[in-house]
Amino acid sequence: MNGGYITGGWSFVWAAYGWTALVLASYGISLILRLRKSR
Amino acid sequence: MTAAAERSVIYSTGSGPIRMIAPNHRFPKLPYALVALGVLCLLVGSYFGLFVAPPEHFMGNVQRIMYVHVPTAWNALLAMTFAFGCAIVSLFTGDWKWDARLEAGAEVGVLLAFLLCCQGAIWAKPTWGVWWDWDPRLTTTAVLLCAFIGILALRHFVDDPVKRATWSAVATIIAYVDVPIVYYSVRWWNSLHQLQSSPATVSSQFYLPLRMNAFGILFLMTGFIMLRARIASRRIATELAPPPADLVGELA
């Protein structure tokens, strides 16, 4: 934080995008596995 | 005969699965195409959000989290609205496919709401100085997430398909009351959380990544719900199938 302005913060941005990708990809893979198991 | 009673008869006679559970295989590849389209939109939208759109004046680069956070919020509420619609149709028609769709919508809604809370916490730390605050928007969202986790737990622990369908449909309708409260919480109460973001409240330079990611998560969510509904349909069909003839003979 610099006088009311936020500087930097790329680590938070990458964390949010990375976590989103990881969770969505994991759920997608789990769906495929469960679908195969249910056949 | 009420829908629930009809469902009981179908369950007890074992004649239901054929009528009810015909998972939608008219377009077997459609969910996969939607998922692929969703991933493509998310890749393009995230590229524009991360590397093309300018940083916001006060929040700088941290504001780029908005391009995944806001679409996730929209689609989480949409998935739960879908589950709510399925609950009503399931109660009134007794058709099992809507029960399967309810389960799918609720699970994907929980996934997106969980993701929403995580993204919000990551955005809150550099802007508010804390990972979490019991502010009205965050609190009502946490209540919504817990309520829908409860619905999934209910479905997991109740073995009787008829009771499970009825109870979870009623629980979904009750839990859904929180959705408009979540949406309007930032207008009704003093909140740390900003007002809803829309094209009217953000710069035109932010439109493209916001909309691309919104459609990306929408396509992804739709594909996920269709696939998850197939899993639920197959499980319900197995549960409703009449017992094997040899087992019937033994019991007789």
# chains A, B, ... in the order shown; residues from 1 in each chain; ligands from 1
>>> interface_residues(of="chain A", to="chain B", cutoff="7 Å", atoms="only C-alpha atoms", output="list of chain:residue names")
A:Gly4, A:Tyr5, A:Ile6, A:Thr7, A:Gly8, A:Gly9, A:Trp10, A:Phe12, A:Val13, A:Ala16, A:Thr20, A:Leu31, A:Leu35, A:Ser38
>>> select_by_dssp(residues="chain A", states="helix (DSSP H, G or I)", output="list in words")
Trp10, Ser11, Phe12, Val13, Trp14, Ala15, Ala16, Tyr17, Gly18, Trp19, Thr20, Ala21, Leu22, Val23, Leu24, Ala25, Ser26, Tyr27, Gly28, Ile29, Ser30, Leu31, Ile32, Leu33, Arg34, Leu35, Arg36, Lys37 and Ser38 of chain A
>>> residues_around(residues="Leu218 (chain B)", least_positions_apart="2", cutoff="10 Å", atoms="only C-alpha atoms", output="ChimeraX atom specification")
/B:34-35,37-38,41,71-72,74-76,78-79,212-216,220-224
